[in-house]
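Please read the structure below before turning to the comments.
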Amino acid sequence: QVQLVESGGGLVQAGGSLRLSCAASGSRFSIYTIGWYRQAAGKQRELVADITSGGITNYQNSVKGRFTISRDNAKNTVYLQMNSLKPEDTGVYYCNTPIGARANVYWGQGTQVTVSS
């Protein structure tokens with residue numbers, strides 16, 4: 001069982017920055033790939049970025065060069081640093097494992113990010 005708690009969202013103007021945190025429970029956190037997903041109003045949830053246990057990262061094309069995903073296994077936490085934010089980045093951001101995402105389990109409450117133009 002994995003429990004995930006997202007935080008760090010907020011309202012920011014276009015061009016601004018936010019840092020999201022995903023705190024996970026479980027002693028095996030370090031072996032999991034963790035992804036950040038977002039869901040805009042009226043749209044399906046999509047993968048934004050993920051990071052493997054070894055620190056290999058992957059980004060959606062629309063956020064490359066603006067977002068950075070990182071992890072601190074000692075703190076059981078994954079971060080998403082978001083710079084140069086755009087209105088189209090608005091949505092609820094969630095973290096999850098790929099398996100959890102496909103099985104539609106482990107989702108937390110998410111954290112709202114709103115970027116004003």
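Residue numbering restarts at 1 for every chain of the structure tokens, chains are lettered A, B, ... in their displayed order, and ligands are numbered from 1 as they appear.
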- Message: Env of A:Ala24: 9 Å cut, atoms = only C-alpha atoms, seq-sep filter 4 positions within chain, self excluded. Answer as an MDAnalysis selection string.
- Response: chainID A and resid 2:6 29 75:78
- Excluding same-chain residues fewer than 6 positions from stretch 82-96 of chain A, what lies within 7 Å of it counting only C-alpha atoms, as a PyMOL selection string? chain A and resi 4+6+14-19+22+34-41+66-68+106-108+110-117
- Message: Please return, as a PyMOL selection string, all residues of chain A that DSSP assigns to strand (DSSP E or B) on the basis of the backbone.
- Response: chain A and resi 4-7+10-13+18-24+34-39+46-51+57-59+67-72+77-82+91-96+111-116
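Taking stretch 3-117 of chain A and asking which residues DSSP calls helix (DSSP H, G or I) on the backbone, you get A:Phe29, A:Ser30, A:Ile31, A:Asn61, A:Ser62, A:Val63, A:Asn73, A:Ala74, A:Lys75, A:Pro87, A:Glu88, A:Asp89, A:Pro98, A:Ile99, A:Gly100, A:Ala101, A:Arg102, A:Ala103.
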Write the residues you've just listed into a file as a CSV table (one decimal), in the first residue's frame, and include all heavy atoms for each of them.
chain,number,residue,atom,x,y,z
A,29,PHE,N,9.9,3.1,-0.7
A,29,PHE,CA,9.7,4.3,-1.6
A,29,PHE,C,10.8,4.4,-2.6
A,29,PHE,O,10.6,4.7,-3.8
A,29,PHE,CB,9.6,5.5,-0.8
A,29,PHE,CG,9.7,6.8,-1.6
A,29,PHE,CD1,8.6,7.3,-2.3
A,29,PHE,CD2,10.9,7.5,-1.7
A,29,PHE,CE1,8.6,8.4,-3.0
A,29,PHE,CE2,10.9,8.7,-2.5
A,29,PHE,CZ,9.8,9.1,-3.1
A,30,SER,N,12.1,4.2,-2.2
A,30,SER,CA,13.2,4.4,-3.0
A,30,SER,C,13.3,3.5,-4.3
A,30,SER,O,13.9,3.8,-5.2
A,30,SER,CB,14.5,4.2,-2.2
A,30,SER,OG,14.6,2.9,-1.8
A,31,ILE,N,12.5,2.4,-4.3
A,31,ILE,CA,12.6,1.5,-5.5
A,31,ILE,C,11.5,1.9,-6.5
A,31,ILE,O,11.6,1.4,-7.6
A,31,ILE,CB,12.4,0.1,-5.1
A,31,ILE,CG1,10.9,-0.2,-4.7
A,31,ILE,CG2,13.4,-0.3,-4.0
A,31,ILE,CD1,10.7,-1.7,-4.5
A,61,ASN,N,6.8,16.8,-23.5
A,61,ASN,CA,7.4,17.9,-24.4
A,61,ASN,C,7.1,19.3,-24.0
A,61,ASN,O,7.9,20.2,-24.0
A,61,ASN,CB,7.0,17.6,-25.8
A,61,ASN,CG,7.8,16.5,-26.4
A,61,ASN,OD1,8.8,16.1,-25.9
A,61,ASN,ND2,7.3,15.9,-27.5
A,62,SER,N,5.8,19.5,-23.6
A,62,SER,CA,5.4,20.9,-23.3
A,62,SER,C,6.0,21.5,-22.0
A,62,SER,O,6.0,22.7,-21.9
A,62,SER,CB,3.8,20.9,-23.1
A,62,SER,OG,3.5,20.2,-21.9
A,63,VAL,N,6.7,20.6,-21.2
A,63,VAL,CA,7.3,21.2,-20.0
A,63,VAL,C,8.8,21.1,-20.0
A,63,VAL,O,9.5,21.5,-19.1
A,63,VAL,CB,6.7,20.5,-18.7
A,63,VAL,CG1,5.2,20.5,-18.7
A,63,VAL,CG2,7.2,19.1,-18.6
A,73,ASN,N,15.2,10.4,-1.5
A,73,ASN,CA,14.8,9.1,-0.9
A,73,ASN,C,14.8,9.1,0.6
A,73,ASN,O,14.1,8.4,1.3
A,73,ASN,CB,15.6,8.0,-1.5
A,73,ASN,CG,15.2,7.7,-2.9
A,73,ASN,OD1,14.1,8.0,-3.4
A,73,ASN,ND2,16.2,7.2,-3.7
A,74,ALA,N,15.8,9.9,1.2
A,74,ALA,CA,15.8,9.9,2.7
A,74,ALA,C,14.6,10.5,3.3
A,74,ALA,O,14.2,10.2,4.4
A,74,ALA,CB,17.1,10.7,3.1
A,75,LYS,N,13.9,11.4,2.5
A,75,LYS,CA,12.7,12.1,3.0
A,75,LYS,C,11.5,11.5,2.4
A,75,LYS,O,10.4,12.0,2.6
A,75,LYS,CB,12.8,13.6,2.7
A,75,LYS,CG,13.9,14.3,3.4
A,75,LYS,CD,13.9,15.8,3.1
A,75,LYS,CE,15.0,16.5,3.9
A,75,LYS,NZ,14.9,18.0,3.6
A,87,PRO,N,-0.4,29.7,-18.5
A,87,PRO,CA,-1.8,29.5,-18.2
A,87,PRO,C,-2.2,28.0,-18.5
A,87,PRO,O,-3.0,27.4,-17.7
A,87,PRO,CB,-2.6,30.5,-19.0
A,87,PRO,CG,-1.6,31.6,-19.2
A,87,PRO,CD,-0.3,31.0,-19.3
A,88,GLU,N,-1.6,27.4,-19.5
A,88,GLU,CA,-2.0,26.1,-19.9
A,88,GLU,C,-1.4,25.0,-18.9
A,88,GLU,O,-1.7,23.8,-19.0
A,88,GLU,CB,-1.5,25.7,-21.3
A,88,GLU,CG,-0.1,26.0,-21.6
A,88,GLU,CD,0.0,27.4,-22.3
A,88,GLU,OE1,-0.6,28.4,-21.9
A,88,GLU,OE2,0.9,27.5,-23.3
A,89,ASP,N,-0.6,25.5,-18.0
A,89,ASP,CA,-0.1,24.6,-16.9
A,89,ASP,C,-1.1,24.4,-15.8
A,89,ASP,O,-0.9,23.6,-14.9
A,89,ASP,CB,1.2,25.1,-16.3
A,89,ASP,CG,2.3,25.0,-17.3
A,89,ASP,OD1,2.4,24.0,-18.1
A,89,ASP,OD2,3.1,26.0,-17.3
A,98,PRO,N,3.6,4.5,-11.7
A,98,PRO,CA,3.0,4.2,-13.0
A,98,PRO,C,2.0,3.0,-12.8
A,98,PRO,O,1.0,3.1,-13.5
A,98,PRO,CB,4.2,3.7,-13.8
A,98,PRO,CG,5.4,4.5,-13.3
A,98,PRO,CD,5.1,4.6,-11.8
A,99,ILE,N,2.3,2.1,-12.0
A,99,ILE,CA,1.4,1.0,-11.8
A,99,ILE,C,0.1,1.5,-11.1
A,99,ILE,O,-1.0,1.1,-11.5
A,99,ILE,CB,2.0,-0.1,-10.9
A,99,ILE,CG1,3.2,-0.8,-11.7
A,99,ILE,CG2,1.0,-1.2,-10.4
A,99,ILE,CD1,3.9,-1.8,-10.9
A,100,GLY,N,0.3,2.3,-10.1
A,100,GLY,CA,-0.9,2.9,-9.5
A,100,GLY,C,-1.8,3.7,-10.4
A,100,GLY,O,-3.0,3.7,-10.4
A,101,ALA,N,-1.1,4.5,-11.3
A,101,ALA,CA,-1.8,5.3,-12.3
A,101,ALA,C,-2.6,4.4,-13.2
A,101,ALA,O,-3.8,4.7,-13.5
A,101,ALA,CB,-0.8,6.2,-13.0
A,102,ARG,N,-2.0,3.4,-13.8
A,102,ARG,CA,-2.7,2.5,-14.7
A,102,ARG,C,-3.9,1.8,-14.0
A,102,ARG,O,-4.9,1.6,-14.7
A,102,ARG,CB,-1.7,1.5,-15.3
A,102,ARG,CG,-0.8,2.1,-16.3
A,102,ARG,CD,-0.1,1.0,-17.1
A,102,ARG,NE,0.9,0.3,-16.3
A,102,ARG,CZ,2.1,0.6,-16.1
A,102,ARG,NH1,2.6,1.7,-16.7
A,102,ARG,NH2,2.9,-0.1,-15.4
A,103,ALA,N,-3.7,1.4,-12.8
A,103,ALA,CA,-4.7,0.7,-12.0
A,103,ALA,C,-5.7,1.6,-11.4
A,103,ALA,O,-6.7,1.2,-10.8
A,103,ALA,CB,-4.1,-0.2,-11.0
- If you measure from atom CA of A:Ser21 to atom CA of A:Ser70, what distance in Å do you get, rounded to one decimal? 9.7 Å
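Put simply, atom CA of A:Thr97 is 12.4 Å away from atom CA of A:Ser25.
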- Do you have the atom CA of A:Gly8-atom CA of A:Leu20 distance handy? 4.5 Å
